[in-house]
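What follows is the content of upload35.txt, which has compact mmCIF, C-alpha atoms:
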# COMPACT_ATOMS: atom_id res chain seq x y z
CA MET A 877 35.69 -0.84 -41.80
CA ALA A 878 39.01 -0.55 -39.95
CA ARG A 879 42.01 -2.86 -39.89
CA ILE A 880 42.55 -4.35 -36.42
CA PHE A 881 45.63 -6.12 -35.06
CA SER A 882 46.23 -7.82 -31.73
CA GLY A 883 47.93 -10.86 -30.22
CA ILE A 884 48.57 -12.87 -27.06
CA ARG A 885 51.80 -14.47 -25.90
CA PRO A 886 51.72 -18.29 -25.89
CA THR A 887 53.13 -18.67 -22.40
CA GLY A 888 50.58 -21.16 -21.12
CA ASN A 889 47.71 -20.59 -18.71
CA ILE A 890 45.89 -17.94 -20.72
CA HIS A 891 43.67 -16.42 -18.09
CA LEU A 892 40.51 -14.45 -17.44
CA GLY A 893 42.35 -11.13 -17.82
CA ASN A 894 43.44 -12.10 -21.34
CA TYR A 895 39.87 -12.96 -22.22
CA LEU A 896 38.29 -9.83 -20.79
CA GLY A 897 41.04 -7.47 -21.98
CA ALA A 898 41.54 -8.88 -25.47
CA LEU A 899 39.67 -11.95 -26.70
CA ARG A 900 36.19 -10.69 -25.87
CA GLN A 901 36.91 -7.54 -27.88
CA TRP A 902 38.24 -9.54 -30.82
CA ILE A 903 35.00 -11.48 -31.16
CA GLU A 904 32.98 -8.27 -31.35
CA LEU A 905 35.39 -6.42 -33.63
CA GLN A 906 35.64 -9.18 -36.24
CA GLU A 907 31.99 -8.69 -37.17
CA LYS A 908 32.53 -5.26 -38.76
CA ASN A 909 36.29 -4.94 -39.27
CA GLU A 910 39.26 -6.49 -41.04
CA CYS A 911 40.91 -8.36 -38.15
CA ILE A 912 44.38 -9.87 -37.85
CA PHE A 913 45.08 -11.87 -34.70
CA CYS A 914 48.55 -13.20 -33.98
CA ILE A 915 50.09 -15.72 -31.59
CA VAL A 916 53.13 -13.65 -30.59
CA ASP A 917 55.71 -16.35 -29.84
CA LEU A 918 58.69 -14.02 -30.41
CA HIS A 919 57.46 -11.92 -27.50
CA ALA A 920 57.11 -15.03 -25.35
CA ILE A 921 60.85 -15.74 -25.34
CA THR A 922 61.68 -12.44 -23.62
CA THR A 923 60.72 -13.96 -20.25
CA PRO A 924 61.67 -17.42 -18.89
CA TYR A 925 60.17 -20.30 -20.87
CA GLU A 926 60.66 -23.99 -21.59
CA PRO A 927 61.62 -24.52 -25.27
CA SER A 928 60.08 -28.00 -25.20
CA GLU A 929 56.73 -26.49 -24.13
CA MET A 930 56.56 -23.69 -26.71
CA LYS A 931 54.95 -25.70 -29.51
CA LYS A 932 52.27 -27.01 -27.13
CA ASN A 933 51.63 -23.51 -25.81
CA ILE A 934 51.22 -22.17 -29.35
CA LEU A 935 48.67 -24.86 -30.17
CA GLU A 936 46.83 -24.16 -26.90
CA ALA A 937 46.70 -20.45 -27.71
CA ALA A 938 45.29 -21.22 -31.15
CA SER A 939 42.68 -23.52 -29.66
CA ILE A 940 41.62 -20.80 -27.20
CA TYR A 941 41.30 -18.25 -30.00
CA LEU A 942 38.93 -20.60 -31.82
CA ALA A 943 37.05 -21.76 -28.73
CA ALA A 944 36.50 -18.16 -27.61
CA GLY A 945 34.83 -17.35 -30.90
CA VAL A 946 37.52 -15.97 -33.22
CA ASN A 947 36.22 -17.05 -36.62
CA PRO A 948 38.91 -17.96 -39.21
CA ASP A 949 36.36 -17.18 -41.93
CA LYS A 950 36.23 -13.59 -40.69
CA SER A 951 39.70 -13.06 -39.16
CA ILE A 952 43.29 -13.95 -39.99
CA ILE A 953 45.03 -16.09 -37.35
CA PHE A 954 48.75 -16.85 -37.58
CA ILE A 955 52.00 -17.40 -35.67
CA GLN A 956 54.27 -14.37 -35.43
CA SER A 957 57.59 -16.15 -36.00
CA GLN A 958 56.37 -17.63 -39.28
CA VAL A 959 56.32 -14.14 -40.81
CA LYS A 960 59.96 -12.98 -40.86
CA GLU A 961 58.98 -9.41 -41.68
CA HIS A 962 57.98 -8.86 -38.04
CA ALA A 963 61.60 -9.17 -36.92
CA GLU A 964 62.95 -7.33 -39.98
CA LEU A 965 60.73 -4.29 -39.47
CA ALA A 966 61.51 -4.32 -35.74
CA TRP A 967 65.20 -3.88 -36.58
CA LEU A 968 64.45 -0.93 -38.86
CA LEU A 969 62.14 0.70 -36.34
CA GLY A 970 64.71 0.18 -33.60
CA SER A 971 67.02 2.54 -35.46
CA ILE A 972 64.59 5.44 -35.01
CA THR A 973 63.16 4.59 -31.58
CA PRO A 974 64.60 6.87 -28.86
CA MET A 975 66.22 5.07 -25.93
CA GLY A 976 64.45 7.49 -23.62
CA GLU A 977 61.06 6.20 -24.79
CA LEU A 978 62.06 2.60 -24.05
CA ASN A 979 63.40 3.57 -20.64
CA ARG A 980 59.92 4.84 -19.77
CA MET A 981 58.21 1.50 -20.36
CA THR A 982 56.76 0.26 -17.09
CA GLN A 983 56.43 -3.34 -18.26
CA PHE A 984 60.22 -3.63 -18.68
CA LYS A 985 60.70 -2.37 -15.14
CA GLU A 986 58.11 -4.76 -13.74
CA LYS A 987 59.37 -7.82 -15.63
CA SER A 988 62.97 -6.99 -14.73
CA LYS A 989 62.07 -7.04 -11.04
CA GLN A 990 60.11 -10.23 -11.47
CA HIS A 991 62.81 -12.07 -13.46
CA LYS A 992 66.07 -10.66 -12.13
CA ASP A 993 68.09 -13.48 -13.66
CA TYR A 994 66.51 -13.07 -17.09
CA ILE A 995 66.90 -9.38 -17.94
CA ASN A 996 67.74 -9.23 -21.63
CA ALA A 997 67.87 -6.87 -24.60
CA GLY A 998 64.83 -8.59 -26.11
CA LEU A 999 62.74 -7.62 -23.10
CA PHE A 1000 63.97 -4.02 -23.36
CA ASN A 1001 63.13 -3.93 -27.08
CA TYR A 1002 59.79 -5.70 -26.64
CA PRO A 1003 57.82 -2.49 -27.40
CA VAL A 1004 59.70 -2.02 -30.69
CA LEU A 1005 58.72 -5.52 -31.81
CA MET A 1006 55.15 -4.81 -30.77
CA ALA A 1007 55.22 -1.61 -32.82
CA SER A 1008 56.48 -3.68 -35.75
CA ASP A 1009 53.64 -6.18 -35.30
CA ILE A 1010 51.09 -3.37 -35.49
CA LEU A 1011 52.64 -1.19 -38.18
CA LEU A 1012 53.55 -4.08 -40.50
CA TYR A 1013 49.85 -4.48 -41.26
CA LYS A 1014 49.10 -0.76 -41.12
CA ALA A 1015 46.60 -1.46 -38.36
CA GLN A 1016 44.34 1.39 -37.34
CA GLY A 1017 43.12 -0.11 -34.07
CA VAL A 1018 44.70 -2.33 -31.43
CA PRO A 1019 42.40 -3.98 -28.85
CA VAL A 1020 44.42 -4.48 -25.65
CA GLY A 1021 44.17 -4.46 -21.89
CA GLU A 1022 45.08 -1.30 -20.03
CA ASP A 1023 48.61 -2.54 -19.27
CA GLN A 1024 49.49 -2.45 -22.98
CA THR A 1025 48.30 1.08 -23.76
CA GLN A 1026 51.79 2.50 -23.21
CA HIS A 1027 53.15 0.18 -25.89
CA VAL A 1028 50.49 1.22 -28.38
CA GLU A 1029 51.32 4.86 -27.68
CA LEU A 1030 54.96 4.07 -28.49
CA ALA A 1031 53.82 2.52 -31.77
CA ARG A 1032 52.08 5.80 -32.56
CA THR A 1033 55.26 7.72 -31.74
CA VAL A 1034 57.40 5.44 -33.90
CA ALA A 1035 54.94 5.65 -36.81
CA ARG A 1036 55.00 9.45 -36.59
CA LYS A 1037 58.82 9.58 -36.56
CA PHE A 1038 59.06 7.17 -39.49
CA ASN A 1039 56.55 9.15 -41.55
CA GLN A 1040 58.35 12.42 -40.86
CA LYS A 1041 61.67 10.97 -41.90
CA PHE A 1042 60.71 8.79 -44.88
CA GLY A 1043 57.26 9.97 -46.00
CA GLU A 1044 53.73 8.97 -45.07
CA LEU A 1045 53.49 5.19 -44.82
CA PHE A 1046 52.09 4.07 -41.49
CA PRO A 1047 48.79 5.14 -39.92
CA GLU A 1048 49.04 6.02 -36.24
CA PRO A 1049 47.21 3.17 -34.48
CA LYS A 1050 44.66 3.82 -31.77
CA THR A 1051 44.18 1.84 -28.58
CA ILE A 1052 40.84 0.06 -28.25
CA LEU A 1053 39.98 -0.63 -24.61
CA PRO A 1054 37.04 -2.74 -23.40
CA GLU A 1055 34.22 -0.95 -21.66
CA SER A 1056 34.89 -3.11 -18.61
CA GLY A 1057 37.73 -5.45 -17.66
CA ALA A 1058 40.50 -3.33 -19.21
CA ARG A 1059 42.76 -4.03 -16.22
CA ILE A 1060 42.10 -7.18 -14.25
CA MET A 1061 44.13 -7.30 -11.07
CA SER A 1062 45.68 -10.28 -9.32
CA LEU A 1063 43.19 -12.24 -7.27
CA THR A 1064 45.63 -12.28 -4.35
CA ASN A 1065 47.36 -8.91 -4.76
CA PRO A 1066 45.16 -5.90 -5.65
CA LYS A 1067 48.25 -3.81 -6.45
CA LYS A 1068 49.32 -6.04 -9.35
CA LYS A 1069 47.60 -6.92 -12.57
CA MET A 1070 46.83 -10.57 -13.15
CA SER A 1071 49.83 -12.38 -14.63
CA LYS A 1072 50.38 -15.91 -15.90
CA SER A 1073 53.83 -15.92 -14.32
CA ASP A 1074 52.47 -15.43 -10.78
CA ASP A 1075 51.25 -18.11 -8.39
CA GLN A 1076 48.29 -20.06 -9.79
CA LYS A 1077 46.11 -18.86 -6.91
CA SER A 1078 46.36 -15.31 -8.28
CA TYR A 1079 44.59 -15.92 -11.59
CA ILE A 1080 41.80 -17.95 -13.15
CA SER A 1081 43.08 -19.85 -16.16
CA LEU A 1082 40.78 -20.56 -19.06
CA PHE A 1083 41.97 -24.17 -18.69
CA ASP A 1084 41.01 -24.41 -15.01
CA GLU A 1085 38.51 -27.10 -14.16
CA PRO A 1086 35.25 -25.86 -12.58
CA GLU A 1087 36.29 -27.36 -9.23
CA ALA A 1088 39.60 -25.48 -9.30
CA ILE A 1089 37.85 -22.19 -10.08
CA GLN A 1090 35.35 -22.75 -7.30
CA LYS A 1091 38.15 -23.45 -4.82
CA LYS A 1092 40.04 -20.28 -5.76
CA ILE A 1093 36.88 -18.20 -5.44
CA MET A 1094 35.93 -19.73 -2.10
CA ILE A 1095 39.38 -19.14 -0.63
CA GLN A 1096 39.48 -15.52 -1.76
CA ALA A 1097 35.85 -14.94 -0.77
CA LYS A 1098 36.66 -16.00 2.78
CA ILE A 1099 39.60 -13.59 2.85
CA TYR A 1100 37.55 -10.83 1.22
CA TYR A 1101 34.68 -10.95 3.69
CA THR A 1102 36.81 -11.35 6.82
CA THR A 1103 39.58 -8.79 6.28
CA LYS A 1104 39.91 -5.04 5.96
CA PRO A 1105 40.57 -3.21 3.74
CA LYS A 1106 38.67 -5.14 1.09
CA ASN A 1107 40.54 -6.39 -1.96
CA PRO A 1108 39.02 -4.41 -4.88
CA ALA A 1109 40.36 -6.99 -7.34
CA PHE A 1110 38.12 -9.67 -5.87
CA GLN A 1111 35.09 -7.42 -6.25
CA THR A 1112 35.90 -7.27 -9.97
CA TYR A 1113 35.97 -11.05 -10.12
CA LEU A 1114 32.61 -11.23 -8.40
CA GLN A 1115 31.20 -9.01 -11.14
CA PHE A 1116 32.33 -11.32 -13.94
CA ILE A 1117 32.23 -14.77 -12.34
CA VAL A 1118 29.65 -15.11 -9.61

I'd like the structure from this file rewritten - as structure tokens, please.
Amino acid sequence: MARIFSGIRPTGNIHLGNYLGALRQWIELQEKNECIFCIVDLHAITTPYEPSEMKKNILEAASIYLAAGVNPDKSIIFIQSQVKEHAELAWLLGSITPMGELNRMTQFKEKSKQHKDYINAGLFNYPVLMASDILLYKAQGVPVGEDQTQHVELARTVARKFNQKFGELFPEPKTILPESGARIMSLTNPKKKMSKSDDQKSYISLFDEPEAIQKKIMIQAKIYYTTKPKNPAFQTYLQFIV
């Protein structure tokens, strides 16, 4: 039995990519492992958000965890900000995390381009907080989508540096990727992964009504079958939805 940690940002509109990349894995892993699943609200404030909506988004995320099949009798579910040690350990780990490693993070570059008026130190240090989330519980495995593998690798690097400097304490966590659906691309842009912050036409929200999902699929199907080159992202959707 291994200890597993993972989490999703409560930014509203949790989508199909979140389910295929993370939630579906959680449900399987909780059967034979010690699982800890977090609603990572501290991460959510690194990109634009409405403070008045945060509480609602947290509750929605919790409801999705439960509706998807995360069993509170088998797994721990909690809100990140309610455990102050996440932020405290992040500060300590930040003191040994090389700036060069953070400069390599592709998510910071992508989010900085997307939110040019909201580039902040929290976004730059996002991977350090994620490393703290993982290492705080001495997690051995982290189920994520492909876009988060770089962050898990940084957590391994930070754990190794900490252990070398202060003695063996943290296991080096391993990335757990789904057999399929590890990287779900935007429905409208095959060069981008699906993101909640993009236009609603580009993703299928788990809160979408059946009629809304059907409309999105029909619109993209028309584009898919009448244009060249074909959008490979839509072919992925056909695999999971149709």

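Distances to Leu1053 in chain A were evaluated for A:Met930, A:Val1018, A:Ile1010, A:Ile1080 using all atoms listed in the file, and the minimum falls at A:Val1018.
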
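Counting from CA of Leu892 in chain A, the distance to CA of Glu1048 in chain A is 29.1 Å.
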
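Taking CA of Ser951 in chain A as the reference point, CA of Cys911 in chain A is found at 5.0 Å.
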
(message) With distances taken over all atoms listed in the file, which residue among A:Pro924, A:Gly888, A:Gly1017, A:Pro1003 lies nearest Ser988 in chain A?
(response) A:Pro924

(message) So that I can see what lies close to Gln1016 in chain A, please list as an NGL selection string the residues with an atom at most 9 Å from it, counting only C-alpha atoms and leaving out residues fewer than 4 positions away in the same chain.
(response) :A and (878-881 or 1010-1011 or 1047-1051)

(message) Nearest residue to Asn979 in chain A out of A:Leu935, A:Ile952, A:Leu1012, A:Leu1030, using all atoms listed in the file?
(response) A:Leu1030

(message) I want to know what sits within 7 Å of Ser1081 in chain A, based on only C-alpha atoms, with residues of the same chain fewer than 5 positions away left out; could you give that as a ChimeraX atom specification?
(response) /A:889-892

Please produce a file of the residues just selected, as a CSV table (one decimal), in the coordinates of the input, where the atoms kept are C-alpha atoms.
chain,number,residue,atom,x,y,z
A,889,ASN,CA,47.7,-20.6,-18.7
A,890,ILE,CA,45.9,-17.9,-20.7
A,891,HIS,CA,43.7,-16.4,-18.1
A,892,LEU,CA,40.5,-14.4,-17.4

Kindly list the centre and edge lengths in Å, rounded to one decimal, for the axis-aligned box that covers all listed atoms of range 962-969 of chain A plus 6 Å on each of its six sides, as JSON.
{"center_x": 61.6, "center_y": -4.2, "center_z": -37.9, "size_x": 19.2, "size_y": 21.9, "size_z": 16.2}

(message) Need to verify the contact set: Gly970 in chain A, 12 Å, only C-alpha atoms, exclusion of same-chain residues closer than 5 positions in sequence. Can you return it as a PyMOL selection string?
(response) chain A and resi 963-965+975+977-978+997-998+1000-1008+1030-1031+1034-1035+1037-1038
